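**Student:** One file: run-v6.cif (mmCIF, C-alpha atoms).
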```cif
data_model
#
loop_
_atom_site.label_atom_id
_atom_site.label_comp_id
_atom_site.auth_asym_id
_atom_site.auth_seq_id
_atom_site.Cartn_x
_atom_site.Cartn_y
_atom_site.Cartn_z
CA MET P 1 -4.73 -10.41 19.76
CA PHE P 2 -3.93 -10.51 16.06
CA GLU P 3 -6.89 -9.89 13.81
CA PRO P 4 -6.38 -11.70 10.50
CA LEU P 5 -6.77 -9.82 7.25
CA ILE P 6 -9.27 -12.38 6.01
CA PHE P 7 -11.35 -13.21 9.06
CA ASP P 8 -14.09 -15.39 7.68
CA LEU P 9 -13.65 -17.94 4.92
CA TRP P 10 -17.45 -18.00 4.71
CA TYR P 11 -17.13 -14.66 2.94
CA PHE P 12 -13.59 -14.37 1.75
CA GLY P 13 -11.84 -17.70 1.29
CA HIS P 14 -11.30 -16.94 -2.38
CA PHE P 15 -8.69 -14.33 -1.46
CA LEU P 16 -6.46 -16.82 0.34
CA ASN P 17 -4.48 -19.23 -1.79
CA PRO P 18 -1.54 -20.76 0.11
CA ALA P 19 -0.65 -22.96 -2.84
CA ARG P 20 -0.32 -19.99 -5.14
CA LYS P 21 2.92 -19.96 -7.09
CA ALA P 22 3.34 -16.41 -8.31
CA ALA P 23 5.46 -15.88 -11.40
CA ARG P 24 8.75 -14.23 -10.65
CA ILE P 25 9.08 -10.83 -12.26
CA PRO P 26 12.02 -8.46 -12.62
CA PRO P 27 12.51 -6.25 -9.57
CA HIS P 28 11.35 -2.69 -10.00
CA PRO P 29 14.31 -0.49 -10.98
CA SER P 30 13.95 1.38 -7.72
CA LEU P 31 15.02 -1.73 -5.82
CA SER P 32 18.31 -1.89 -7.65
CA ALA P 33 18.72 1.85 -8.09
CA ALA P 34 18.42 2.41 -4.36
CA GLY P 35 21.11 -0.15 -3.79
CA LYS P 36 23.52 2.04 -5.75
CA LEU P 37 22.87 4.79 -3.24
CA MET P 38 24.16 2.64 -0.40
CA GLU P 39 27.81 2.64 0.62
CA PRO P 40 30.20 0.47 -1.42
CA ASN P 41 30.39 -1.90 1.53
CA ALA P 42 26.79 -2.89 0.91
CA ASP P 43 27.53 -3.69 -2.71
CA LYS P 44 30.44 -5.90 -1.69
CA LEU P 45 28.28 -7.79 0.76
CA ARG P 46 25.22 -8.04 -1.47
CA GLY P 47 26.28 -11.41 -2.82
CA LEU P 48 27.11 -12.87 0.57
CA ARG P 49 24.91 -15.30 2.43
CA ILE P 50 24.13 -15.61 6.12
CA THR P 51 23.90 -19.18 7.33
CA SER P 52 22.27 -20.43 10.45
CA LEU P 53 24.40 -21.42 13.42
CA ASP P 54 22.53 -24.72 13.32
CA ASP P 55 24.27 -25.69 10.08
CA GLU P 56 26.92 -28.39 10.16
CA ASP P 57 29.82 -25.97 9.62
CA ASP P 58 30.20 -23.95 12.81
CA ASP P 59 32.79 -21.67 11.24
CA GLU P 60 30.42 -19.99 8.79
CA ILE P 61 29.91 -16.31 9.47
CA GLU P 62 26.68 -14.63 10.38
CA LEU P 63 25.91 -10.96 10.09
CA PRO P 64 24.83 -9.58 13.46
CA ALA P 65 21.22 -9.69 14.62
CA THR P 66 21.25 -5.91 14.76
CA VAL P 67 20.81 -5.95 10.99
CA ALA P 68 17.31 -7.37 11.40
CA ALA P 69 16.58 -5.17 14.39
CA ALA P 70 17.59 -2.03 12.52
CA ALA P 71 15.26 -2.77 9.62
CA SER P 72 12.27 -3.85 11.67
CA GLY P 73 12.56 -1.23 14.39
CA TYR P 74 12.65 -3.89 17.08
CA ASP P 75 14.54 -4.06 20.29
CA ASP P 76 16.08 -7.41 21.15
CA ASP P 77 13.18 -8.23 23.46
CA ASP P 78 10.70 -7.92 20.60
CA GLU P 79 12.32 -10.32 18.15
CA ASP P 80 10.63 -13.47 19.46
CA GLU P 81 7.24 -11.79 19.16
CA ASP P 82 8.06 -10.75 15.59
CA GLU P 83 8.80 -14.35 14.63
CA GLU P 84 5.43 -15.49 15.98
CA ALA P 85 3.40 -12.79 14.26
CA GLU P 86 1.61 -13.70 11.06
CA VAL P 87 2.58 -11.26 8.31
CA MET P 88 0.39 -11.42 5.23
CA LEU P 89 1.81 -10.50 1.83
CA GLY P 90 -0.18 -9.01 -1.03
CA PHE P 91 0.45 -9.96 -4.67
CA LEU P 92 -1.16 -8.50 -7.77
CA GLU P 93 -3.07 -10.56 -10.28
CA LYS P 94 -5.04 -9.55 -13.32
CA PRO P 95 -8.72 -9.46 -12.33
CA LYS P 96 -10.90 -12.20 -13.71
CA HIS P 97 -13.71 -9.67 -13.94
CA PRO P 98 -12.40 -6.11 -14.46
CA GLY P 99 -14.22 -3.44 -12.51
CA LEU P 100 -14.39 -5.40 -9.25
CA LEU P 101 -17.76 -4.74 -7.65
CA ARG P 102 -18.08 -3.22 -4.20
CA HIS P 103 -20.63 -5.77 -2.93
CA LEU P 104 -17.99 -8.48 -3.40
CA PHE P 105 -15.72 -6.60 -0.96
CA PRO P 106 -12.59 -6.66 -3.13
CA SER P 107 -8.98 -5.99 -2.27
CA LYS P 108 -7.58 -4.34 -5.36
CA ALA P 109 -5.00 -1.94 -6.77
CA GLY P 110 -5.35 0.55 -9.60
CA GLY P 111 -8.41 1.32 -11.65
CA ILE P 112 -11.12 3.08 -9.64
CA PRO P 113 -12.08 2.42 -6.00
CA ALA P 114 -14.98 0.17 -5.04
CA TRP P 115 -16.30 2.44 -2.30
CA LEU P 116 -17.64 0.51 0.70
CA ASP P 117 -20.06 3.30 1.56
CA PRO P 118 -21.13 4.50 -1.90
CA VAL P 119 -22.96 7.58 -0.62
CA ASN P 120 -20.90 9.46 1.95
CA LEU P 121 -17.61 9.79 0.07
CA PRO P 122 -14.63 11.93 1.09
CA SER P 123 -14.92 15.34 -0.50
CA GLY P 124 -13.44 18.81 -0.54
CA ASN P 125 -9.75 19.02 0.33
CA SER P 126 -9.73 15.35 1.35
CA SER P 127 -9.76 14.34 -2.31
CA CYS P 128 -6.92 16.64 -3.40
CA CYS P 129 -3.16 16.83 -3.00
CA GLY P 130 -2.23 19.27 -0.26
CA PHE P 131 0.55 20.74 -2.39
CA CYS P 132 -0.52 21.00 -6.03
CA GLY P 133 -4.26 20.87 -5.36
CA GLU P 134 -4.89 18.23 -8.04
CA PRO P 135 -7.27 15.30 -7.42
CA LEU P 136 -5.49 12.29 -5.94
CA HIS P 137 -5.13 9.03 -7.87
CA PHE P 138 -6.47 5.79 -6.44
CA VAL P 139 -3.64 3.44 -5.39
CA LEU P 140 -5.28 0.46 -3.67
CA GLN P 141 -7.86 -0.74 -1.20
CA ILE P 142 -7.63 -3.54 1.35
CA TYR P 143 -10.63 -5.35 2.76
CA ALA P 144 -9.60 -5.85 6.38
CA PRO P 145 -12.54 -6.53 8.73
CA ILE P 146 -12.03 -7.02 12.46
CA GLU P 147 -13.82 -10.04 13.85
CA SER P 148 -13.93 -8.79 17.42
CA ASN P 149 -15.40 -5.41 16.46
CA ALA P 150 -19.09 -5.58 15.51
CA ALA P 151 -18.91 -2.09 14.02
CA ALA P 152 -16.14 -3.25 11.67
CA PHE P 153 -17.76 -6.40 10.29
CA HIS P 154 -17.07 -4.83 6.91
CA ARG P 155 -13.94 -2.68 6.88
CA THR P 156 -11.90 -1.37 3.97
CA LEU P 157 -8.81 0.82 3.85
CA PHE P 158 -8.35 3.07 0.81
CA MET P 159 -5.05 4.67 -0.27
CA PHE P 160 -4.74 7.61 -2.67
CA MET P 161 -1.68 9.45 -3.90
CA CYS P 162 -0.62 12.39 -6.03
CA PRO P 163 1.38 11.06 -9.02
CA SER P 164 3.86 13.95 -8.74
CA MET P 165 7.24 13.02 -7.24
CA ALA P 166 7.79 16.69 -6.37
CA CYS P 167 4.70 16.55 -4.16
CA LEU P 168 5.87 13.29 -2.55
CA HIS P 169 9.19 14.97 -1.69
CA ARG P 170 7.29 17.77 0.01
CA ASP P 171 5.02 15.27 1.75
CA GLN P 172 8.01 13.43 3.18
CA HIS P 173 9.30 16.72 4.58
CA GLU P 174 5.90 17.84 5.88
CA GLN P 175 5.22 14.66 7.86
CA TRP P 176 7.93 15.65 10.35
CA THR P 177 6.04 18.86 11.17
CA ARG P 178 2.70 17.36 12.14
CA ASN P 179 2.78 19.18 15.53
CA GLN P 180 3.00 22.52 13.73
CA GLY P 181 -0.63 22.61 12.65
CA ASN P 182 -2.39 20.40 10.13
CA PRO P 183 0.25 19.22 7.65
CA ARG P 184 -0.48 19.02 3.95
CA ARG P 185 -0.26 15.56 2.44
CA SER P 186 0.08 14.04 -1.03
CA VAL P 187 -0.69 10.55 0.33
CA ARG P 188 -4.03 9.95 2.02
CA VAL P 189 -5.55 6.83 3.56
CA PHE P 190 -9.22 6.47 4.51
CA ARG P 191 -10.90 3.84 6.66
CA CYS P 192 -14.55 2.92 6.14
CA GLN P 193 -16.39 0.32 8.20
CA LEU P 194 -19.91 -0.98 8.53
CA PRO P 195 -21.74 -3.40 10.87
CA ARG P 196 -23.09 -6.63 9.47
CA THR P 197 -26.58 -5.20 9.26
CA ASN P 198 -26.47 -2.06 7.15
CA VAL P 199 -28.38 -0.32 4.37
CA PHE P 200 -25.90 -1.17 1.62
CA TYR P 201 -25.25 -4.94 1.78
CA SER P 202 -26.99 -8.17 2.65
CA SER P 203 -26.05 -9.86 5.92
CA LYS P 204 -25.64 -13.08 3.93
CA PRO P 205 -22.34 -13.93 2.24
CA PRO P 206 -21.92 -13.40 -1.51
CA SER P 207 -22.60 -16.49 -3.63
CA HIS P 208 -20.20 -15.42 -6.43
CA ASN P 209 -22.49 -16.84 -9.09
CA ASN P 210 -23.22 -13.50 -10.80
CA SER P 211 -26.48 -13.16 -8.86
CA ASP P 212 -25.05 -10.99 -6.06
CA LYS P 213 -26.35 -7.45 -5.84
CA PRO P 214 -26.01 -4.72 -3.24
CA LEU P 215 -29.10 -3.71 -1.29
CA CYS P 216 -28.52 -0.12 -2.35
CA ALA P 217 -27.96 -0.13 -6.11
CA GLY P 218 -27.19 3.56 -6.46
CA GLY P 219 -24.73 5.87 -4.84
CA THR P 220 -23.24 9.32 -5.08
CA ALA P 221 -22.72 10.57 -8.64
CA LEU P 222 -19.04 10.26 -9.50
CA CYS P 223 -16.75 12.35 -11.65
CA HIS P 224 -17.24 11.40 -15.32
CA TRP P 225 -13.52 11.84 -15.98
CA CYS P 226 -11.77 9.95 -13.18
CA GLY P 227 -14.64 7.83 -11.84
CA THR P 228 -13.10 8.15 -8.38
CA TRP P 229 -14.30 11.20 -6.50
CA LYS P 230 -17.69 12.75 -5.86
CA GLY P 231 -18.96 14.67 -8.89
CA ASP P 232 -20.23 17.76 -7.12
CA LYS P 233 -19.61 20.06 -10.10
CA ILE P 234 -21.98 19.96 -13.07
CA CYS P 235 -21.32 20.88 -16.68
CA GLY P 236 -22.88 24.29 -17.30
CA GLY P 237 -23.94 23.26 -20.81
CA CYS P 238 -25.59 19.84 -20.79
CA LYS P 239 -26.26 19.78 -17.04
CA LYS P 240 -25.48 16.05 -17.20
CA SER P 241 -21.75 15.50 -16.81
CA ARG P 242 -20.37 15.72 -13.29
CA TYR P 243 -16.82 16.41 -12.15
CA CYS P 244 -14.76 16.41 -9.00
CA SER P 245 -12.62 19.36 -10.11
CA GLU P 246 -12.26 22.05 -12.74
CA LYS P 247 -9.20 20.28 -14.12
CA HIS P 248 -11.13 17.09 -14.83
CA GLN P 249 -13.93 19.08 -16.39
CA ALA P 250 -11.40 20.74 -18.71
CA LEU P 251 -9.77 17.41 -19.57
CA HIS P 252 -13.15 15.86 -20.36
CA TRP P 253 -14.10 18.86 -22.50
CA ARG P 254 -10.93 18.65 -24.58
CA SER P 255 -11.19 14.88 -24.94
CA GLY P 256 -14.56 15.05 -26.69
CA HIS P 257 -17.24 16.26 -24.33
CA LYS P 258 -17.36 19.55 -26.24
CA ASN P 259 -19.14 17.74 -29.06
CA ASP P 260 -21.11 15.43 -26.78
CA CYS P 261 -22.36 18.40 -24.80
CA LEU P 262 -23.84 20.00 -27.93
CA GLN P 263 -25.50 16.71 -28.87
CA ILE P 264 -27.16 16.47 -25.47
CA ILE P 265 -28.33 20.07 -25.58
CA ASN P 266 -29.75 19.65 -29.09
CA SER P 267 -31.33 16.30 -28.37
CA SER P 268 -35.06 16.49 -27.78
CA GLU P 269 -34.77 13.63 -25.33
CA ALA P 270 -31.73 15.15 -23.57
CA SER P 271 -30.34 11.67 -23.50
CA SER P 272 -27.23 10.98 -21.47
CA SER P 273 -26.36 8.01 -23.65
CA VAL P 274 -23.55 9.96 -25.28
CA LEU P 275 -21.84 10.34 -21.93
CA PRO P 276 -19.15 7.78 -21.17
CA ALA P 277 -19.90 5.43 -18.33
CA VAL P 278 -18.28 6.48 -15.09
CA GLY P 279 -14.90 4.83 -14.81
CA LYS P 280 -14.55 4.29 -18.58
CA VAL P 281 -11.76 6.81 -18.67
CA PRO P 282 -8.55 7.04 -20.71
CA ALA P 283 -5.82 4.73 -19.44
CA ARG P 284 -3.57 7.68 -18.67
CA THR P 285 -5.89 8.92 -15.92
CA SER P 286 -5.59 5.85 -13.69
CA TRP P 287 -3.16 3.07 -12.98
CA PRO P 288 -3.85 -0.45 -14.33
CA GLU P 289 -6.34 -2.48 -12.32
CA TYR P 290 -5.34 -5.63 -10.42
CA GLN P 291 -6.87 -7.74 -7.72
CA ILE P 292 -4.80 -8.42 -4.61
CA ALA P 293 -4.18 -12.03 -3.62
CA ILE P 294 -3.07 -12.70 -0.05
CA ASP P 295 -0.48 -15.26 1.10
CA ASP P 296 1.10 -15.90 4.48
CA GLU P 297 4.79 -14.94 4.50
CA VAL P 298 5.61 -18.05 6.54
CA ASP P 299 4.09 -20.31 3.88
CA LEU P 300 6.16 -18.59 1.20
CA ASP P 301 9.30 -18.98 3.28
CA SER P 302 8.80 -22.73 3.48
CA ASP P 303 7.73 -23.15 -0.15
CA GLY P 304 9.95 -20.76 -2.02
CA CYS P 305 13.24 -20.46 -0.18
CA ASP P 306 16.12 -20.76 -2.62
CA GLU P 307 19.34 -21.35 -0.76
CA ASN P 308 21.39 -20.59 -3.87
CA SER P 309 19.69 -17.26 -4.56
CA SER P 310 22.10 -14.49 -5.32
CA LYS P 311 19.75 -12.16 -3.44
CA SER P 312 20.27 -14.02 -0.20
CA LEU P 313 22.74 -12.45 2.17
CA VAL P 314 24.63 -15.53 3.33
CA MET P 315 28.30 -16.36 3.21
CA GLN P 316 29.09 -18.48 0.20
CA LYS P 317 32.57 -19.09 1.48
CA HIS P 318 33.42 -21.40 4.37
CA GLY P 319 35.85 -20.56 7.08
CA LYS P 320 36.60 -17.42 9.03
CA PRO P 321 36.91 -14.11 7.18
CA ASP P 322 40.27 -12.74 6.20
CA ASP P 323 41.35 -9.26 7.26
CA THR P 324 39.76 -7.61 4.22
CA MET P 325 36.42 -9.29 4.73
CA GLN P 326 36.46 -8.50 8.43
CA SER P 327 37.16 -4.85 7.62
CA TRP P 328 34.18 -4.76 5.24
CA MET P 329 31.93 -6.29 7.85
CA ASP P 330 33.11 -3.92 10.57
CA GLN P 331 32.36 -0.92 8.37
CA PHE P 332 29.06 -2.39 7.24
CA GLU P 333 28.01 -3.07 10.80
CA ALA P 334 28.67 0.53 11.76
CA ASP P 335 26.31 1.95 9.13
CA ALA P 336 22.68 1.74 10.22
CA ASP P 337 21.35 2.40 6.72
CA ASN P 338 23.44 -0.42 5.27
CA GLN P 339 22.16 -2.76 7.97
CA CYS P 340 18.56 -1.84 7.25
CA TRP P 341 19.01 -2.13 3.50
CA ALA P 342 20.64 -5.56 3.77
CA TYR P 343 17.83 -6.93 5.90
CA PHE P 344 15.16 -5.27 3.76
CA GLN P 345 16.64 -6.85 0.62
CA GLU P 346 16.95 -10.26 2.25
CA ARG P 347 13.40 -10.18 3.59
CA ILE P 348 11.68 -9.17 0.36
CA SER P 349 13.86 -11.52 -1.71
CA ARG P 350 11.80 -14.37 -0.20
CA ALA P 351 8.88 -13.11 -2.33
CA PRO P 352 10.20 -10.37 -4.65
CA GLU P 353 6.83 -9.67 -6.26
CA GLN P 354 5.15 -8.61 -3.01
CA VAL P 355 3.53 -5.18 -3.17
CA LEU P 356 1.92 -5.19 0.27
CA ARG P 357 2.77 -6.30 3.79
CA TYR P 358 -0.09 -6.54 6.30
CA CYS P 359 -0.17 -7.34 10.01
CA ARG P 360 -2.29 -5.68 12.65
CA ASP P 361 -0.56 -7.41 15.55
CA PRO P 362 0.47 -4.60 17.96
CA ASN P 363 3.87 -6.26 18.48
CA VAL P 364 4.79 -6.09 14.80
CA LYS P 365 6.78 -3.20 13.40
CA PRO P 366 7.10 -2.16 9.75
CA LEU P 367 9.89 -3.44 7.54
CA TRP P 368 11.98 -0.33 6.93
CA ALA P 369 14.32 -0.01 3.97
CA LEU P 370 16.55 2.50 5.78
CA SER P 371 17.30 3.68 9.26
CA ALA P 372 17.10 7.30 8.14
CA GLY P 373 13.65 8.73 7.58
CA ARG P 374 12.04 6.36 10.06
CA PRO P 375 9.61 7.79 12.65
CA SER P 376 9.97 7.56 16.40
CA ASN P 377 6.93 6.99 18.59
CA PRO P 378 6.30 10.73 19.16
CA ASP P 379 6.17 11.22 15.38
CA ILE P 380 3.07 9.02 15.13
CA PRO P 381 -0.03 11.10 16.01
CA SER P 382 -3.11 9.99 17.88
CA CYS P 383 -6.36 9.15 16.14
CA SER P 384 -7.96 12.35 14.89
CA TYR P 385 -11.41 11.11 15.94
CA CYS P 386 -11.20 9.23 19.26
CA LYS P 387 -7.74 10.54 20.28
CA GLY P 388 -6.63 6.96 20.92
CA PRO P 389 -3.31 5.50 19.74
CA LEU P 390 -2.55 4.45 16.18
CA CYS P 391 -0.92 1.14 15.31
CA TYR P 392 0.91 -0.16 12.26
CA GLU P 393 -1.42 -2.02 9.91
CA PHE P 394 0.14 -2.27 6.45
CA GLN P 395 2.78 -0.92 4.10
CA ILE P 396 3.18 -0.77 0.36
CA MET P 397 6.40 -1.77 -1.36
CA PRO P 398 8.20 -0.17 -4.33
CA GLN P 399 7.40 -3.20 -6.49
CA LEU P 400 3.92 -1.73 -6.94
CA LEU P 401 5.48 0.85 -9.25
CA TYR P 402 6.54 -1.93 -11.63
CA TYR P 403 2.96 -3.11 -12.02
CA PHE P 404 1.71 0.43 -12.48
CA GLY P 405 4.19 0.94 -15.32
CA VAL P 406 5.95 3.86 -13.65
CA ARG P 407 9.13 4.71 -15.52
CA ASN P 408 12.53 4.73 -13.87
CA GLU P 409 13.31 8.38 -14.54
CA PRO P 410 14.67 11.10 -12.22
CA ASP P 411 11.28 12.79 -11.82
CA SER P 412 9.21 9.59 -11.73
CA LEU P 413 7.21 8.58 -8.69
CA ASP P 414 9.30 6.43 -6.34
CA TRP P 415 9.50 5.42 -2.69
CA ALA P 416 11.30 3.00 -0.39
CA THR P 417 8.10 2.13 1.47
CA ILE P 418 4.92 3.86 2.62
CA VAL P 419 3.68 2.70 6.02
CA VAL P 420 0.09 3.13 7.20
CA TYR P 421 -0.94 3.52 10.83
CA THR P 422 -4.62 3.19 11.77
CA CYS P 423 -6.70 3.68 14.89
CA LYS P 424 -5.88 0.82 17.25
CA GLY P 425 -9.49 0.58 18.37
CA SER P 426 -10.84 1.13 14.83
CA CYS P 427 -13.18 3.70 16.35
CA ASP P 428 -16.69 4.09 15.04
CA GLN P 429 -17.38 7.80 14.72
CA SER P 430 -20.00 9.68 12.73
CA THR P 431 -17.67 10.31 9.77
CA SER P 432 -18.04 7.55 7.19
CA TYR P 433 -14.51 7.81 5.79
CA LYS P 434 -11.97 8.49 8.52
CA GLU P 435 -8.51 9.62 7.45
CA GLU P 436 -5.63 7.59 8.87
CA PHE P 437 -1.90 8.33 8.93
CA ALA P 438 0.70 7.40 6.30
CA TRP P 439 4.46 7.68 6.74
CA VAL P 440 6.54 8.09 3.58
CA GLN P 441 10.11 6.77 3.50
CA LEU P 442 12.14 7.78 0.46
CA TYR P 443 15.59 6.71 -0.69
CA PRO P 444 18.74 8.41 0.68
CA THR P 445 19.03 11.22 -1.87
CA SER P 446 15.42 12.15 -1.12
CA ILE P 447 15.44 11.92 2.67
CA SER P 448 15.46 15.21 4.51
CA ARG P 449 14.42 16.11 7.99
CA PRO P 450 14.01 19.66 9.27
#
```
Since I need it in another form, could you write the structure as structure tokens?

**Tutor:**
Amino acid sequence: MFEPLIFDLWYFGHFLNPARKAARIPPHPSLSAAGKLMEPNADKLRGLRITSLDDEDDDEIELPATVAAAASGYDDDDEDEDEEAEVMLGFLEKPKHPGLLRHLFPSKAGGIPAWLDPVNLPSGNSSCCGFCGEPLHFVLQIYAPIESNAAAFHRTLFMFMCPSMACLHRDQHEQWTRNQGNPRRSVRVFRCQLPRTNVFYSSKPPSHNNSDKPLCAGGTALCHWCGTWKGDKICGGCKKSRYCSEKHQALHWRSGHKNDCLQIINSSEASSSVLPAVGKVPARTSWPEYQIAIDDEVDLDSDGCDENSSKSLVMQKHGKPDDTMQSWMDQFEADADNQCWAYFQERISRAPEQVLRYCRDPNVKPLWALSAGRPSNPDIPSCSYCKGPLCYEFQIMPQLLYYFGVRNEPDSLDWATIVVYTCKGSCDQSTSYKEEFAWVQLYPTSISRP
């Protein structure tokens, strides 16, 4: 049974806004750049439209249904289930109150995470890239409780990523070798969940009138540089500043802590007032902060469908195709990547600013940009904790890079999509933050499989 992303309007109705009319923004360069990597046939068909057989003109041409099946990973028998599933889309909006507080259970992107469990944070190698060893950057978090699971009354998924494209290339290669030991990753996803009655939050819903406070005001000391990870290293001078890594300690020292440290040491009160507040870090150390608004894809289809859109893949020309057009379509049909790319473009063109797709229905498959670089069932591991199966839960789209201000350069971070699989039973084990599985799909020039 599908568990909705926002299960209780009593708590979370402010995240749903079906009437929301998001401003259209330019597509991230990766969306158009990837199109150039497709075969010329795809470029020739990009401006075409596919009309329904229910239209008045029976002679209009429709691209085969295998286009949709190739992109979604569905067999023909699954397509009816896909149409009935409720896919939720995530859109970014500037936060009304920057620094979204954890006791308001936010869904957000960029900035620093609002840890659900503020005490038992991931630490050690879990916080670092498996390739370069640098601390991972916070990407986003999704508040996704499960109504039928009492242990997951509060449930948040956190995604982190190394900003190095070289590491993402290596990650994409490493994910194919998961059966050859514990693969290194540059993309990590953690799941944290709590029952309704817990030591951190009230069992009553937030009032959102600035009077809400968590039951547990404190938490683990965080890194003074990134404000993200546990600060388990202490400055040897002032004994006040905390860091998650030697690199962040060095960056903080060069950015001004060298002088602050001396002030603290020489101060008779040993005041920490000269230390920057955790999370008040230079803009270059984190991506811009946004809150995530959720809309139903079906609602957007009915509200925002533009039949004249140049992004739509429907025949603009009536009548049967001539020999040249038929030749293009035959070649296009034979290329699985072109089929996937066409459907991917058509699907996201319904809401081009989407950065997230969410659906925990077990019948739903991810929306793949390409046929290549897509996992088969054996490539998806079992849950590391309960050994049960994983299921698709959400994916992030390349449009997120536009909001994060990532440049369109050869060595810039880029992806086609990153798909996250989580424990189907959302198991409740002793570990507070359980690592889930992410699958990275890159564009054709980046895709490699051993």

**Student:** Of the candidates P:Gln175, P:Ser267, P:Ser371, P:Asn209, which shows the shortest atom-to-atom distance to Ala342 in chain P, using only C-alpha atoms?

**Tutor:**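 Selected residue with least distance to Ala342 in chain P: P:Ser371.
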
**Student:** Can you tell me how far CA of Ser107 in chain P sits from CA of Ser164 in chain P, in Å to one decimal?

**Tutor:**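 For CA of Ser107 in chain P relative to CA of Ser164 in chain P, the distance reads 24.6 Å.
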
**Student:** Could you check which of P:Asn120, P:Ser286, P:Asn149, P:Asn210 is closest to Pro135 in chain P, using only C-alpha atoms?

**Tutor:**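 Nearest candidate to Pro135 in chain P out of P:Asn120, P:Ser286, P:Asn149, P:Asn210: P:Ser286.
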
**Student:** To one decimal place in Å, what is the distance between CA of Ser241 in chain P and CA of Thr228 in chain P?

**Tutor:** 14.1 Å

**Student:** Can you turn the PyMOL selection byres ((chain P and resi 128-134) around 10) into a concrete residue list for this file, as a PyMOL selection string?

**Tutor:** chain P and resi 123-127+135-137+160-164+166-168+170-171+183-188+229+244-248

**Student:** Tell me, in Å to one decimal, how far CA of Leu101 in chain P is from CA of Gln249 in chain P.

**Tutor:**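 Interatomic distance here is 25.7 Å.
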
**Student:** In the coordinate frame of the file, compute which residues have an atom within 8 Å of (2.5, 0.1, 9.5) when using all atoms listed in the file, and state them as a PyMOL selection string.

**Tutor:** chain P and resi 358-359+365-366+391-395+419-421

**Student:** If you count all atoms listed in the file, which residues fall within 12 Å of Lys258 in chain P, apart from same-chain ones fewer than 6 positions away, as a short mmCIF file (atom, residue, chain, number, x, y, z; two decimals) with C-alpha atoms, in the coordinates of the input?

**Tutor:**
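Once written, around.cif looks like this:
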```cif
data_model
loop_
_atom_site.label_atom_id
_atom_site.label_comp_id
_atom_site.auth_asym_id
_atom_site.auth_seq_id
_atom_site.Cartn_x
_atom_site.Cartn_y
_atom_site.Cartn_z
CA CYS P 235 -21.32 20.88 -16.68
CA GLY P 236 -22.88 24.29 -17.30
CA GLY P 237 -23.94 23.26 -20.81
CA CYS P 238 -25.59 19.84 -20.79
CA SER P 241 -21.75 15.50 -16.81
CA GLN P 249 -13.93 19.08 -16.39
CA ALA P 250 -11.40 20.74 -18.71
CA LEU P 251 -9.77 17.41 -19.57
CA HIS P 252 -13.15 15.86 -20.36
CA ILE P 264 -27.16 16.47 -25.47
CA ILE P 265 -28.33 20.07 -25.58
CA VAL P 274 -23.55 9.96 -25.28
CA LEU P 275 -21.84 10.34 -21.93
#
```

**Student:** Give as JSON, numbers by chain the residues that the PyMOL selection byres ((chain P and resi 156) around 7) matches when applied to the coordinates above.

**Tutor:** {"P": [116, 141, 142, 143, 144, 154, 155, 157, 158, 191, 192, 193]}

**Student:** Considering all atoms listed in the file, state which residue in the set P:Phe91, P:Phe344, P:Phe200, P:Phe153 is at the smallest distance from His103 in chain P.

**Tutor:** P:Phe200

**Student:** Identify all residues satisfying the PyMOL selection byres ((chain P and resi 90) around 6) in the given file; provide them as an NGL selection string.

**Tutor:** :P and (89 or 91 or 292-294 or 354-356)

**Student:** For those residues, write C-alpha atoms to a file as a PDB file, keeping the file's coordinate frame.

**Tutor:**
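Ended up saving to result-v9.pdb:
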```
ATOM      1  CA  LEU P  89       1.810 -10.500   1.830  1.00  0.00           C
ATOM      2  CA  PHE P  91       0.450  -9.960  -4.670  1.00  0.00           C
ATOM      3  CA  ILE P 292      -4.800  -8.420  -4.610  1.00  0.00           C
ATOM      4  CA  ALA P 293      -4.180 -12.030  -3.620  1.00  0.00           C
ATOM      5  CA  ILE P 294      -3.070 -12.700  -0.050  1.00  0.00           C
ATOM      6  CA  GLN P 354       5.150  -8.610  -3.010  1.00  0.00           C
ATOM      7  CA  VAL P 355       3.530  -5.180  -3.170  1.00  0.00           C
ATOM      8  CA  LEU P 356       1.920  -5.190   0.270  1.00  0.00           C
TER       9      LEU P 356
END
```

**Student:** Considering only C-alpha atoms, return as a list of chain:residue names whatever protein or nucleic-acid residues lie within 12 Å of Arg196 in chain P, sequence-local ones (same chain, fewer than 2 positions apart) excluded.

**Tutor:**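 Counting only the stated atoms, we get P:Tyr11, P:Pro145, P:Ile146, P:Glu147, P:Asn149, P:Ala150, P:Ala151, P:Ala152, P:Phe153, P:His154, P:Arg155, P:Gln193, P:Leu194, P:Asn198, P:Val199, P:Phe200, P:Tyr201, P:Ser202, P:Ser203, P:Lys204, P:Pro205.
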
**Student:** Could you check the closest approach to Cys226 in chain P for each of P:Leu367, P:Met397, P:Val139, P:Ile112 and tell me which residue wins, using all atoms listed in the file?

**Tutor:** P:Ile112

**Student:** Within 10 Å of Pro122 in chain P, counting only C-alpha atoms, which residues qualify if same-chain residues fewer than 4 places away don't, as a list in words?

**Tutor:** Ser126, Ser127, Phe190, Trp229, Lys230, Thr431, Ser432, Tyr433, Lys434 and Glu435 of chain P
